[in-house]
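What's in entry_7.tsv: TSV, C-alpha atoms
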chain	number	residue	atom	x	y	z
A	1	MET	CA	-116.27	-26.62	-28.33
A	2	ASN	CA	-117.41	-24.88	-31.46
A	3	VAL	CA	-120.13	-22.59	-30.14
A	4	GLY	CA	-120.36	-20.47	-33.24
A	5	ARG	CA	-123.35	-20.03	-35.51
A	6	PRO	CA	-124.81	-23.40	-36.58
A	7	LEU	CA	-126.41	-24.14	-39.93
A	8	PRO	CA	-129.68	-22.21	-40.35
A	9	ARG	CA	-132.78	-24.09	-39.23
A	10	VAL	CA	-135.98	-23.68	-41.18
A	11	GLY	CA	-138.54	-21.78	-39.14
A	12	SER	CA	-136.11	-21.03	-36.30
A	13	GLY	CA	-136.09	-17.52	-34.88
A	14	LEU	CA	-133.07	-18.05	-32.63
A	15	GLN	CA	-130.29	-17.28	-35.08
A	16	GLU	CA	-130.08	-13.61	-34.09
A	17	SER	CA	-129.06	-14.68	-30.57
A	18	TYR	CA	-125.69	-15.94	-31.78
A	19	ALA	CA	-122.66	-13.66	-31.46
A	20	PRO	CA	-121.26	-13.36	-35.01
A	21	GLU	CA	-117.69	-12.70	-33.82
A	22	LEU	CA	-117.54	-15.76	-31.54
A	23	LEU	CA	-116.03	-18.90	-33.08
A	24	TYR	CA	-115.02	-21.11	-30.17
A	25	ALA	CA	-115.19	-21.37	-26.37
A	26	THR	CA	-113.53	-23.79	-23.99
A	27	PHE	CA	-112.66	-24.21	-20.34
A	28	ASN	CA	-109.20	-25.01	-19.06
A	29	GLN	CA	-108.56	-28.31	-17.28
A	30	ASP	CA	-110.07	-27.31	-13.90
A	31	TYR	CA	-112.81	-24.97	-15.24
A	32	GLY	CA	-111.20	-22.07	-13.39
A	33	CYS	CA	-110.59	-20.20	-16.66
A	34	PHE	CA	-112.07	-20.16	-20.12
A	35	ALA	CA	-110.81	-19.06	-23.51
A	36	ILE	CA	-112.64	-17.91	-26.63
A	37	GLY	CA	-111.59	-17.74	-30.26
A	38	THR	CA	-112.94	-14.86	-32.32
A	39	GLN	CA	-112.87	-13.56	-35.87
A	40	THR	CA	-109.90	-11.38	-34.91
A	41	GLY	CA	-108.01	-13.21	-32.13
A	42	PHE	CA	-108.57	-14.77	-28.71
A	43	ARG	CA	-109.37	-13.82	-25.11
A	44	ILE	CA	-108.85	-15.42	-21.68
A	45	PHE	CA	-111.22	-15.05	-18.73
A	46	ASN	CA	-111.34	-16.12	-15.12
A	47	SER	CA	-114.52	-18.16	-14.65
A	48	ASP	CA	-115.60	-17.30	-11.10
A	49	PRO	CA	-115.26	-14.58	-10.12
A	50	TYR	CA	-115.76	-13.54	-13.72
A	51	LYS	CA	-113.02	-11.30	-15.08
A	52	GLU	CA	-111.33	-10.77	-18.43
A	53	LYS	CA	-107.61	-11.46	-17.94
A	54	MET	CA	-106.20	-10.72	-21.37
A	55	ARG	CA	-106.91	-10.49	-25.09
A	56	ARG	CA	-104.90	-10.63	-28.28
A	57	GLU	CA	-106.12	-9.08	-31.51
A	58	PHE	CA	-104.64	-10.15	-34.85
A	59	LYS	CA	-104.81	-8.01	-37.97
A	60	ASP	CA	-104.87	-10.95	-40.34
A	61	GLY	CA	-107.48	-13.46	-39.18
A	62	GLY	CA	-109.48	-15.48	-36.69
A	63	ILE	CA	-108.94	-18.36	-34.27
A	64	GLY	CA	-111.32	-21.29	-34.76
A	65	ILE	CA	-109.97	-23.54	-31.98
A	66	VAL	CA	-108.05	-22.61	-28.84
A	67	ALA	CA	-106.77	-24.99	-26.13
A	68	MET	CA	-105.32	-23.97	-22.76
A	69	LEU	CA	-102.65	-25.76	-20.71
A	70	TYR	CA	-103.95	-25.19	-17.16
A	71	ARG	CA	-103.04	-21.55	-16.30
A	72	SER	CA	-99.74	-21.49	-18.14
A	73	ASN	CA	-98.45	-19.30	-20.95
A	74	TYR	CA	-98.94	-22.06	-23.56
A	75	LEU	CA	-101.98	-22.32	-25.83
A	76	ALA	CA	-102.72	-24.22	-29.02
A	77	PHE	CA	-104.52	-22.59	-31.97
A	78	VAL	CA	-106.20	-23.61	-35.19
A	79	GLY	CA	-107.34	-20.92	-37.60
A	80	GLY	CA	-111.01	-20.32	-38.36
A	81	GLY	CA	-113.70	-17.83	-39.28
A	82	ARG	CA	-114.12	-15.63	-42.32
A	83	ASN	CA	-110.38	-15.10	-42.66
A	84	PRO	CA	-108.47	-17.81	-40.74
A	85	ARG	CA	-105.29	-16.67	-39.00
A	86	PHE	CA	-103.76	-20.12	-39.64
A	87	PRO	CA	-104.60	-22.97	-42.04
A	88	PRO	CA	-107.33	-25.34	-40.75
A	89	ASN	CA	-104.97	-28.33	-41.06
A	90	LYS	CA	-102.29	-26.86	-38.77
A	91	VAL	CA	-101.97	-26.70	-34.98
A	92	MET	CA	-99.93	-23.73	-33.81
A	93	LEU	CA	-98.34	-23.73	-30.35
A	94	TRP	CA	-98.36	-20.22	-28.91
A	95	ASP	CA	-96.14	-18.95	-26.08
A	96	ASP	CA	-97.82	-15.90	-24.63
A	97	ALA	CA	-94.72	-15.02	-22.62
A	98	SER	CA	-93.11	-14.00	-25.90
A	99	SER	CA	-96.30	-13.54	-27.98
A	100	THR	CA	-94.91	-15.85	-30.66
A	101	ILE	CA	-95.64	-19.15	-32.36
A	102	ILE	CA	-92.98	-21.57	-31.11
A	103	ALA	CA	-94.02	-24.74	-32.95
A	104	GLU	CA	-96.49	-25.97	-35.53
A	105	LEU	CA	-97.89	-29.33	-36.56
A	106	GLU	CA	-99.28	-29.91	-40.04
A	107	PHE	CA	-101.76	-32.64	-40.98
A	108	ARG	CA	-103.32	-33.89	-44.19
A	109	SER	CA	-106.87	-32.94	-43.23
A	110	ASP	CA	-108.63	-30.31	-41.12
A	111	VAL	CA	-108.09	-30.36	-37.36
A	112	LEU	CA	-111.36	-30.84	-35.45
A	113	ASN	CA	-110.13	-30.71	-31.85
A	114	VAL	CA	-106.95	-30.10	-29.86
A	115	GLN	CA	-106.13	-30.69	-26.20
A	116	LEU	CA	-102.95	-30.07	-24.21
A	117	GLN	CA	-101.96	-32.23	-21.25
A	118	ARG	CA	-98.73	-31.79	-19.30
A	119	ASP	CA	-96.29	-33.23	-21.86
A	120	ARG	CA	-98.65	-34.23	-24.69
A	121	ILE	CA	-100.57	-32.61	-27.54
A	122	VAL	CA	-103.64	-34.56	-28.71
A	123	VAL	CA	-105.09	-33.73	-32.13
A	124	VAL	CA	-108.35	-35.06	-33.57
A	125	LEU	CA	-108.94	-35.46	-37.31
A	126	ARG	CA	-112.06	-36.92	-38.87
A	127	ASN	CA	-110.80	-40.52	-38.67
A	128	LYS	CA	-107.72	-40.25	-36.46
A	129	CYS	CA	-106.59	-39.28	-32.99
A	130	ILE	CA	-102.91	-38.30	-32.99
A	131	ILE	CA	-100.65	-37.95	-29.95
A	132	CYS	CA	-97.57	-35.74	-30.11
A	133	SER	CA	-95.02	-34.68	-27.53
A	134	LEU	CA	-95.30	-31.19	-26.04
A	135	GLU	CA	-91.80	-29.81	-26.45
A	136	ALA	CA	-89.85	-27.29	-28.48
A	137	LYS	CA	-89.83	-29.68	-31.45
A	138	PRO	CA	-93.00	-31.80	-31.08
A	139	ARG	CA	-92.67	-35.43	-32.14
A	140	HIS	CA	-95.34	-37.72	-33.49
A	141	LEU	CA	-95.81	-40.44	-30.86
A	142	HIS	CA	-98.86	-42.39	-32.00
A	143	ALA	CA	-101.90	-42.31	-34.27
A	144	PHE	CA	-105.14	-44.18	-33.62
A	145	GLU	CA	-107.77	-44.83	-36.25
A	146	THR	CA	-111.35	-43.93	-35.29
A	147	SER	CA	-114.80	-44.16	-36.78
A	148	ASP	CA	-116.12	-40.97	-38.40
A	149	ASN	CA	-115.72	-38.25	-35.77
A	150	ASP	CA	-116.98	-35.07	-37.41
A	151	GLY	CA	-117.65	-33.44	-34.04
A	152	GLY	CA	-114.08	-34.01	-32.82
A	153	ALA	CA	-115.18	-35.92	-29.71
A	154	MET	CA	-112.24	-36.46	-27.35
A	155	ALA	CA	-111.46	-35.90	-23.66
A	156	ILE	CA	-108.44	-36.02	-21.32
A	157	SER	CA	-108.34	-36.23	-17.53
A	158	GLY	CA	-107.64	-32.80	-16.05
A	159	ALA	CA	-105.34	-33.60	-13.12
A	160	SER	CA	-101.68	-32.90	-13.86
A	161	ASP	CA	-100.61	-36.30	-12.51
A	162	SER	CA	-103.18	-38.17	-14.62
A	163	GLY	CA	-103.18	-38.82	-18.34
A	164	ILE	CA	-106.24	-40.80	-19.39
A	165	LEU	CA	-107.38	-40.07	-22.95
A	166	ALA	CA	-110.76	-41.10	-24.39
A	167	PHE	CA	-111.83	-40.92	-28.05
A	168	PRO	CA	-114.11	-42.90	-30.42
A	169	GLY	CA	-113.06	-46.40	-31.41
A	170	ARG	CA	-112.89	-47.88	-34.88
A	171	GLN	CA	-116.39	-49.29	-34.50
A	172	LYS	CA	-119.34	-46.93	-34.22
A	173	GLY	CA	-120.36	-46.41	-30.59
A	174	HIS	CA	-117.08	-47.74	-29.16
A	175	ILE	CA	-114.65	-45.75	-26.97
A	176	GLN	CA	-110.87	-46.17	-26.87
A	177	ILE	CA	-109.15	-45.45	-23.55
A	178	VAL	CA	-105.40	-44.77	-23.58
A	179	ASP	CA	-103.06	-43.99	-20.70
A	180	LEU	CA	-100.85	-41.22	-22.09
A	181	HIS	CA	-98.23	-41.92	-19.44
A	182	SER	CA	-97.84	-45.42	-20.85
A	183	CYS	CA	-96.75	-44.06	-24.25
A	184	VAL	CA	-93.11	-45.01	-23.86
A	185	ASN	CA	-90.06	-44.95	-26.09
A	186	LEU	CA	-89.31	-48.60	-26.74
A	187	ASN	CA	-85.72	-47.75	-27.66
A	188	ALA	CA	-85.08	-45.86	-24.44
A	189	PRO	CA	-84.38	-47.36	-21.00
A	190	ASN	CA	-87.44	-45.63	-19.53
A	191	ASP	CA	-90.14	-43.09	-20.38
A	192	ALA	CA	-88.28	-40.20	-18.78
A	193	SER	CA	-86.78	-39.34	-22.15
A	194	THR	CA	-89.89	-37.37	-23.11
A	195	ALA	CA	-89.08	-33.78	-22.28
A	196	ALA	CA	-91.97	-32.31	-20.30
A	197	PRO	CA	-92.58	-28.61	-19.70
A	198	GLN	CA	-90.55	-27.50	-16.70
A	199	GLN	CA	-91.77	-24.99	-14.12
A	200	GLN	CA	-89.75	-21.80	-14.11
A	201	PRO	CA	-90.11	-18.86	-11.71
A	202	ALA	CA	-92.27	-16.11	-13.13
A	203	SER	CA	-90.65	-12.73	-13.38
A	204	SER	CA	-91.97	-10.22	-10.90
A	205	GLY	CA	-94.57	-7.82	-12.22
A	206	ALA	CA	-95.24	-9.93	-15.30
A	207	GLN	CA	-98.96	-9.69	-14.87
A	208	GLY	CA	-100.84	-6.46	-15.20
A	209	SER	CA	-97.77	-4.29	-15.76
A	210	ARG	CA	-97.60	-4.66	-19.54
A	211	PRO	CA	-99.94	-3.13	-22.08
A	212	ARG	CA	-102.80	-5.21	-23.43
A	213	GLY	CA	-101.81	-7.19	-26.48
A	214	ARG	CA	-98.18	-7.53	-25.36
A	215	GLY	CA	-96.23	-9.52	-22.80
A	216	SER	CA	-96.86	-12.69	-20.85
A	217	PHE	CA	-100.16	-14.08	-19.65
A	218	SER	CA	-100.89	-15.51	-16.23
A	219	VAL	CA	-104.43	-15.61	-14.87
A	220	ASP	CA	-102.99	-15.57	-11.37
A	221	SER	CA	-99.42	-15.49	-10.13
A	222	ALA	CA	-98.67	-18.97	-11.45
A	223	ALA	CA	-95.25	-19.59	-12.90
A	224	SER	CA	-94.78	-19.57	-16.62
A	225	LEU	CA	-93.51	-22.64	-18.44
A	226	SER	CA	-90.60	-23.31	-20.74
A	227	LEU	CA	-90.29	-26.20	-23.16
A	228	SER	CA	-87.14	-28.28	-23.30
A	229	PRO	CA	-85.69	-29.19	-26.68
A	230	ALA	CA	-86.30	-32.66	-28.01
A	231	GLN	CA	-83.94	-35.30	-26.66
A	232	HIS	CA	-84.96	-38.29	-28.76
A	233	SER	CA	-83.66	-40.04	-31.80
A	234	ALA	CA	-85.75	-39.33	-34.86
A	235	GLY	CA	-86.61	-42.98	-35.44
A	236	ALA	CA	-87.56	-43.88	-31.88
A	237	ALA	CA	-90.69	-46.02	-31.71
A	238	VAL	CA	-93.27	-44.88	-29.17
A	239	HIS	CA	-96.28	-47.04	-28.31
A	240	PRO	CA	-98.96	-46.99	-25.64
A	241	THR	CA	-98.93	-50.03	-23.39
A	242	ASN	CA	-102.46	-49.78	-22.01
A	243	ILE	CA	-105.45	-49.50	-24.37
A	244	ASN	CA	-109.01	-50.39	-23.39
A	245	ILE	CA	-111.99	-50.65	-25.75
A	246	ILE	CA	-115.50	-50.00	-24.38
A	247	ALA	CA	-118.66	-50.80	-26.36
A	248	ALA	CA	-120.65	-47.83	-25.07
A	249	HIS	CA	-123.49	-47.10	-27.52
A	250	ALA	CA	-125.27	-48.47	-30.58
A	251	THR	CA	-124.82	-45.18	-32.49
A	252	ALA	CA	-121.81	-42.91	-33.01
A	253	ILE	CA	-120.17	-41.15	-30.05
A	254	SER	CA	-121.00	-37.42	-29.95
A	255	ALA	CA	-119.56	-36.26	-26.60
A	256	LEU	CA	-117.01	-37.50	-24.06
A	257	ALA	CA	-115.70	-36.45	-20.65
A	258	VAL	CA	-113.06	-37.96	-18.38
A	259	SER	CA	-112.98	-37.33	-14.63
A	260	ALA	CA	-110.06	-35.30	-13.30
A	261	ASP	CA	-108.39	-38.36	-11.78
A	262	GLY	CA	-108.98	-40.45	-14.91
A	263	SER	CA	-111.03	-43.11	-13.14
A	264	MET	CA	-114.28	-42.58	-15.09
A	265	VAL	CA	-115.37	-41.73	-18.62
A	266	ALA	CA	-118.82	-40.39	-19.55
A	267	SER	CA	-120.21	-40.66	-23.07
A	268	ALA	CA	-123.22	-39.70	-25.14
A	269	SER	CA	-124.22	-40.91	-28.57
A	270	GLN	CA	-125.75	-39.04	-31.50
A	271	LYS	CA	-129.16	-40.01	-30.16
A	272	GLY	CA	-128.46	-37.93	-27.04
A	273	THR	CA	-131.00	-39.48	-24.68
A	274	LEU	CA	-128.64	-41.43	-22.41
A	275	ILE	CA	-125.35	-40.62	-20.71
A	276	ARG	CA	-123.31	-43.68	-19.77
A	277	ILE	CA	-120.43	-43.68	-17.29
A	278	PHE	CA	-117.75	-46.38	-17.30
A	279	ASP	CA	-114.74	-47.33	-15.21
A	280	THR	CA	-111.74	-46.52	-17.42
A	281	MET	CA	-109.65	-49.45	-16.14
A	282	SER	CA	-112.19	-52.29	-16.27
A	283	GLY	CA	-114.71	-50.86	-18.75
A	284	ARG	CA	-117.52	-51.68	-16.31
A	285	LEU	CA	-120.74	-49.66	-16.65
A	286	LEU	CA	-121.15	-47.56	-13.49
A	287	ASN	CA	-124.16	-45.36	-14.30
A	288	GLU	CA	-126.76	-44.96	-17.01
A	289	LEU	CA	-128.39	-41.52	-16.84
A	290	ARG	CA	-131.33	-40.30	-18.88
A	291	ARG	CA	-131.27	-36.75	-20.20
A	292	GLY	CA	-134.68	-37.07	-21.81
A	293	VAL	CA	-136.81	-39.01	-24.27
A	294	ASP	CA	-136.46	-36.89	-27.42
A	295	ARG	CA	-133.36	-36.99	-29.59
A	296	ALA	CA	-130.86	-34.21	-28.73
A	297	ASP	CA	-127.36	-32.99	-29.58
A	298	ILE	CA	-125.16	-33.16	-26.49
A	299	TYR	CA	-122.79	-30.18	-26.49
A	300	SER	CA	-120.78	-30.90	-23.35
A	301	ILE	CA	-120.37	-33.25	-20.38
A	302	ALA	CA	-118.38	-32.40	-17.24
A	303	PHE	CA	-117.53	-34.17	-13.99
A	304	SER	CA	-117.35	-32.29	-10.70
A	305	PRO	CA	-113.84	-32.18	-9.16
A	306	ASP	CA	-114.78	-34.81	-6.56
A	307	ASN	CA	-116.51	-37.10	-9.11
A	308	THR	CA	-119.84	-36.95	-7.24
A	309	ARG	CA	-121.79	-35.05	-9.90
A	310	LEU	CA	-122.09	-34.68	-13.64
A	311	CYS	CA	-123.48	-31.80	-15.71
A	312	VAL	CA	-124.68	-32.08	-19.31
A	313	SER	CA	-125.74	-29.43	-21.84
A	314	SER	CA	-127.79	-30.07	-24.98
A	315	ASP	CA	-129.48	-28.31	-27.88
A	316	LYS	CA	-132.72	-28.29	-25.91
A	317	GLY	CA	-131.38	-25.21	-24.11
A	318	THR	CA	-131.11	-27.09	-20.82
A	319	VAL	CA	-128.32	-28.09	-18.47
A	320	HIS	CA	-128.93	-31.25	-16.42
A	321	ILE	CA	-127.11	-32.08	-13.18
A	322	PHE	CA	-126.86	-35.69	-12.03
A	323	ASN	CA	-125.74	-37.17	-8.72
A	324	LEU	CA	-123.23	-40.01	-9.10
A	325	ASP	CA	-123.47	-41.16	-5.49
A	326	PRO	CA	-125.13	-44.61	-5.72
A	327	LYS	CA	-126.65	-44.20	-2.25
A	328	GLN	CA	-128.75	-41.23	-3.38
A	329	ALA	CA	-131.90	-42.22	-5.28
A	330	VAL	CA	-135.51	-41.04	-5.00
A	331	ALA	CA	-138.76	-41.73	-6.80
A	332	ALA	CA	-140.03	-39.05	-9.17
A	333	GLY	CA	-141.92	-36.32	-7.31
A	334	GLN	CA	-140.71	-37.44	-3.86
A	335	GLN	CA	-138.23	-35.95	-1.42
A	336	PRO	CA	-135.24	-38.01	-0.29
A	337	ALA	CA	-135.57	-39.65	3.10
A	338	SER	CA	-132.15	-38.47	4.23
A	339	SER	CA	-131.49	-35.43	6.40
A	340	ALA	CA	-131.85	-31.88	5.08
A	341	GLY	CA	-128.11	-31.47	4.88
A	342	SER	CA	-127.51	-34.36	2.49
A	343	ALA	CA	-127.48	-34.28	-1.30
A	344	ALA	CA	-130.50	-35.08	-3.41
A	345	GLY	CA	-130.46	-38.25	-5.46
A	346	ASN	CA	-131.40	-38.65	-9.11
A	347	ARG	CA	-135.08	-39.13	-9.84
A	348	HIS	CA	-136.53	-42.54	-10.68
A	349	SER	CA	-139.90	-43.66	-11.96
A	350	ASN	CA	-142.46	-44.70	-9.33
A	351	LEU	CA	-142.75	-47.93	-11.30
A	352	LYS	CA	-139.09	-48.85	-10.97
A	353	PHE	CA	-140.05	-51.80	-8.78
A	354	MET	CA	-141.59	-53.34	-11.93
A	355	LYS	CA	-138.48	-52.83	-14.05
A	356	ASP	CA	-138.30	-56.52	-14.97
A	357	LEU	CA	-141.77	-56.32	-16.53
A	358	LEU	CA	-141.68	-52.83	-18.08
A	359	PRO	CA	-139.50	-51.26	-20.80
A	360	LYS	CA	-136.04	-50.03	-19.79
A	361	TYR	CA	-137.27	-46.43	-19.72
A	362	PHE	CA	-139.01	-47.06	-16.39
A	363	SER	CA	-135.74	-48.01	-14.67
A	364	SER	CA	-133.92	-44.87	-15.84
A	365	GLU	CA	-132.29	-42.24	-13.63
A	366	TRP	CA	-133.17	-38.59	-14.35
A	367	SER	CA	-131.27	-35.49	-13.26
A	368	PHE	CA	-131.99	-34.21	-9.75
A	369	ALA	CA	-131.56	-30.59	-10.96
A	370	HIS	CA	-131.80	-28.79	-14.29
A	371	PHE	CA	-132.20	-25.29	-15.68
A	372	ARG	CA	-132.80	-23.62	-19.04
A	373	VAL	CA	-130.38	-21.02	-20.38
A	374	ALA	CA	-131.59	-17.76	-21.89
A	375	ASN	CA	-132.32	-17.82	-25.65
A	376	GLU	CA	-131.87	-21.61	-25.76
A	377	VAL	CA	-128.57	-21.31	-27.63
A	378	ARG	CA	-125.70	-23.76	-27.92
A	379	CYS	CA	-123.71	-23.80	-24.69
A	380	ILE	CA	-121.07	-25.69	-22.75
A	381	CYS	CA	-121.00	-26.19	-18.99
A	382	GLY	CA	-118.58	-26.89	-16.15
A	383	PHE	CA	-118.67	-26.86	-12.37
A	384	GLY	CA	-117.77	-23.61	-10.64
A	385	SER	CA	-115.37	-22.99	-7.78
A	386	GLU	CA	-118.25	-23.28	-5.32
A	387	ARG	CA	-119.46	-26.84	-4.85
A	388	ASN	CA	-123.10	-26.28	-5.80
A	389	SER	CA	-122.54	-24.09	-8.84
A	390	VAL	CA	-122.27	-24.46	-12.62
A	391	ILE	CA	-120.70	-22.05	-15.13
A	392	VAL	CA	-122.23	-21.93	-18.61
A	393	LEU	CA	-120.67	-20.42	-21.76
A	394	CYS	CA	-123.22	-19.64	-24.47
A	395	ALA	CA	-123.01	-18.99	-28.19
A	396	ASP	CA	-124.73	-15.63	-27.76
A	397	GLY	CA	-121.50	-14.42	-26.10
A	398	THR	CA	-122.64	-14.73	-22.49
A	399	ALA	CA	-121.23	-16.46	-19.42
A	400	GLN	CA	-123.72	-17.41	-16.73
A	401	LYS	CA	-123.43	-18.84	-13.23
A	402	TYR	CA	-126.16	-20.97	-11.69
A	403	SER	CA	-126.32	-22.31	-8.16
A	404	PHE	CA	-128.43	-25.33	-7.20
A	405	ASP	CA	-129.89	-26.62	-3.98
A	406	SER	CA	-128.11	-29.89	-3.22
A	407	TYR	CA	-131.22	-31.17	-1.42
A	408	ARG	CA	-134.22	-30.12	-3.52
A	409	GLY	CA	-132.41	-29.43	-6.80
A	410	ASN	CA	-133.76	-25.89	-7.24
A	411	CYS	CA	-131.59	-23.74	-9.53
A	412	VAL	CA	-131.01	-19.97	-9.40
A	413	ARG	CA	-129.03	-17.80	-11.82
A	414	GLU	CA	-126.38	-15.91	-9.81
A	415	TRP	CA	-124.99	-13.71	-12.57
A	416	TYR	CA	-125.01	-13.08	-16.32
A	417	ARG	CA	-122.07	-11.51	-18.16
A	418	LYS	CA	-121.50	-10.58	-21.80
A	419	PHE	CA	-117.94	-11.57	-22.81
A	420	ILE	CA	-118.09	-10.56	-26.47

Turn the structure described in the file into structure tokens.
Amino acid sequence: MNVGRPLPRVGSGLQESYAPELLYATFNQDYGCFAIGTQTGFRIFNSDPYKEKMRREFKDGGIGIVAMLYRSNYLAFVGGGRNPRFPPNKVMLWDDASSTIIAELEFRSDVLNVQLQRDRIVVVLRNKCIICSLEAKPRHLHAFETSDNDGGAMAISGASDSGILAFPGRQKGHIQIVDLHSCVNLNAPNDASTAAPQQQPASSGAQGSRPRGRGSFSVDSAASLSLSPAQHSAGAAVHPTNINIIAAHATAISALAVSADGSMVASASQKGTLIRIFDTMSGRLLNELRRGVDRADIYSIAFSPDNTRLCVSSDKGTVHIFNLDPKQAVAAGQQPASSAGSAAGNRHSNLKFMKDLLPKYFSSEWSFAHFRVANEVRCICGFGSERNSVIVLCADGTAQKYSFDSYRGNCVREWYRKFI
């Protein structure tokens, strides 16, 4: 997400808290790593334990968007900042094993978001979501029209064997759900003709033995990847076979998240007061969660790996944590009746029993835990490697880890690191 300096706000004294060199920050698919784009290059970090793994500095410009492919050597870039390294309408595929651009995709308008998923590249423009193949010569597979999507809202399931994509629909407040694995070549006997990245053994000593700014990148000892050349006819027609439309909100979609297994999608609108969770197959509403009463900009939404919790960050400087277990629910100000070892449920109004007579607000579910980040700056959040922990990346150039009590919901900051 773009965590750089927002437009100045009249009367606001928070602008000095923003790191001027930071343009972009994002987690990888499992939140185990994060990447940042800067005015002069990009950097990769391990989330928890926190550690800088590598950095690349360019002499001729900045990186405005960076996308990781798990822990592999492939990243996608879009230029940005005072002096963009690449044009804002191009996506550049970078192979860090060779420190070179291996492919580029050019579009007619500025790129607002990019995600990589196994054998697909997904690109968001203001009114389109475009799917391309991830290979040595990327091919255009499909383009979907969307309503105005200035924030680049889009999400893909993180598991390598899943491929559920969510993005705004043509109508304001609608969500389109596409199974990327169902994008098949209608002229081919089966969908195996799409050349996916193939695992190759990593050379010994590839990590840590080369000077910074050169060589291959691996945040652990994971194998690097190589892309196979295209094996398709140029005119092959590729179409998704499974598209669902969900009428999620009355106003435009501002944020989306898909669970790792692709079974659920969470959404927020520009109003920012409610988070709604739907089943991606049936479109059925599973949860309606209330962040607050006042209008807010939702910066990020993230599912826990086991789909039992959801964390949400907003411009109010807070991160809210919700329990998605339907069996956990307590009245506001009360303790759950379950044993001390069980998880706390979301809070409800004491007047919920009168929900048929009172406005919908009184039947809402509130977060069972929340905390406020330092300086109240724009931030994104994701669950840490420990079950009851959240990692937060802030626009002031800091990474922070918070732990929360799964029973009472109390939150404690574990560490605070400056990454730029």

Nearest-residue call for Arg55 of chain A, choices A:Ile420, A:Ala395, A:Ile277, A:Ile380, using all atoms listed in the file =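 Nearest to Arg55 of chain A: A:Ile420.
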
Between A:Cys394, A:Ile245, A:Cys379, A:Ser364, smallest distance to Asp297 of chain A by all atoms listed in the file belongs to A:Cys379

Quick one: distance from atom CA of Asp119 of chain A to atom CA of Asp261 of chain A in Å, one decimal?
-> 16.6 Å

Any idea what the distance is between atom CA of Trp366 of chain A and atom CA of Val258 of chain A?
-> 20.5 Å

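Restricting the calculation to only C-alpha atoms, the smallest distance between Gly382 of chain A and any of A:Ala159, A:Ile321, A:Cys311, A:Val178 is found for A:Cys311.
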
Excluding Leu286 of chain A and any residue of its chain fewer than 4 positions from it, enumerate the residues within 12 Å of it, using only C-alpha atoms, and give them as a compact mmCIF listing (two decimals) with C-alpha atoms, keeping the file's coordinate frame.
# COMPACT_ATOMS: atom_id res chain seq x y z
CA ALA A 248 -120.65 -47.83 -25.07
CA SER A 263 -111.03 -43.11 -13.14
CA MET A 264 -114.28 -42.58 -15.09
CA VAL A 265 -115.37 -41.73 -18.62
CA ALA A 266 -118.82 -40.39 -19.55
CA SER A 267 -120.21 -40.66 -23.07
CA ILE A 275 -125.35 -40.62 -20.71
CA ARG A 276 -123.31 -43.68 -19.77
CA ILE A 277 -120.43 -43.68 -17.29
CA PHE A 278 -117.75 -46.38 -17.30
CA ASP A 279 -114.74 -47.33 -15.21
CA THR A 280 -111.74 -46.52 -17.42
CA MET A 281 -109.65 -49.45 -16.14
CA SER A 282 -112.19 -52.29 -16.27
CA LEU A 324 -123.23 -40.01 -9.10
CA ASP A 325 -123.47 -41.16 -5.49
CA PRO A 326 -125.13 -44.61 -5.72

Which of these residues is nearest to Gly41 of chain A, using all atoms listed in the file: A:Arg85, A:Ser389, A:Tyr70, A:Gln270?
->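 Ranked by minimum distance to Gly41 of chain A, first place goes to A:Arg85.
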
Which residues come within 12 Å of Tyr24 of chain A, counting all atoms listed in the file, excluding same-chain residues fewer than 6 positions away, as JSON, numbers by chain?
-> {"A": [1, 2, 3, 4, 5, 6, 18, 34, 35, 36, 37, 38, 39, 40, 41, 42, 43, 44, 62, 63, 64, 65, 66, 67, 77, 78, 79, 80, 81, 112, 113, 378, 379, 380, 393, 394, 395, 396, 397, 420]}

Pick out the closest residue to Pro88 of chain A from this set: A:Asn46, A:Thr26, A:Ser109, A:Ser314. Count all atoms listed in the file.
-> A:Ser109

Name the closest residue to Val123 of chain A among the candidates A:His370, A:Lys401, A:His142, A:Lys271; distances are taken between atoms, counting all atoms listed in the file.
->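 Of A:His370, A:Lys401, A:His142, A:Lys271, the one nearest Val123 of chain A is A:His142, counting all atoms listed in the file.
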
Would you mind listing what lies within 9 Å of Ile175 of chain A as a CSV table (one decimal) with C-alpha atoms, in the frame of the given file, with all atoms listed in the file counted and same-chain residues fewer than 3 positions away left out?
chain,number,residue,atom,x,y,z
A,166,ALA,CA,-110.8,-41.1,-24.4
A,167,PHE,CA,-111.8,-40.9,-28.0
A,168,PRO,CA,-114.1,-42.9,-30.4
A,169,GLY,CA,-113.1,-46.4,-31.4
A,170,ARG,CA,-112.9,-47.9,-34.9
A,171,GLN,CA,-116.4,-49.3,-34.5
A,172,LYS,CA,-119.3,-46.9,-34.2
A,244,ASN,CA,-109.0,-50.4,-23.4
A,245,ILE,CA,-112.0,-50.6,-25.8
A,246,ILE,CA,-115.5,-50.0,-24.4
A,247,ALA,CA,-118.7,-50.8,-26.4
A,248,ALA,CA,-120.6,-47.8,-25.1
A,249,HIS,CA,-123.5,-47.1,-27.5
A,253,ILE,CA,-120.2,-41.2,-30.0
A,267,SER,CA,-120.2,-40.7,-23.1

Enter the distance from atom CA of Tyr407 of chain A to atom CA of Thr318 of chain A, in Å, rounded to one decimal.
->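 Computing the Euclidean distance for atom CA of Tyr407 of chain A and atom CA of Thr318 of chain A yields 19.8 Å.
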
Hey, what's within 9 Å of His140 of chain A if we count all atoms listed in the file and toss same-chain stuff fewer than 5 positions away? As a PyMOL selection string, please?
-> chain A and resi 130-133+238

Within 6 Å of segment 72-76 of chain A using only C-alpha atoms, minus same-chain residues under 4 positions, as number ranges by chain = A: 66-68, 92-97, 217, 224
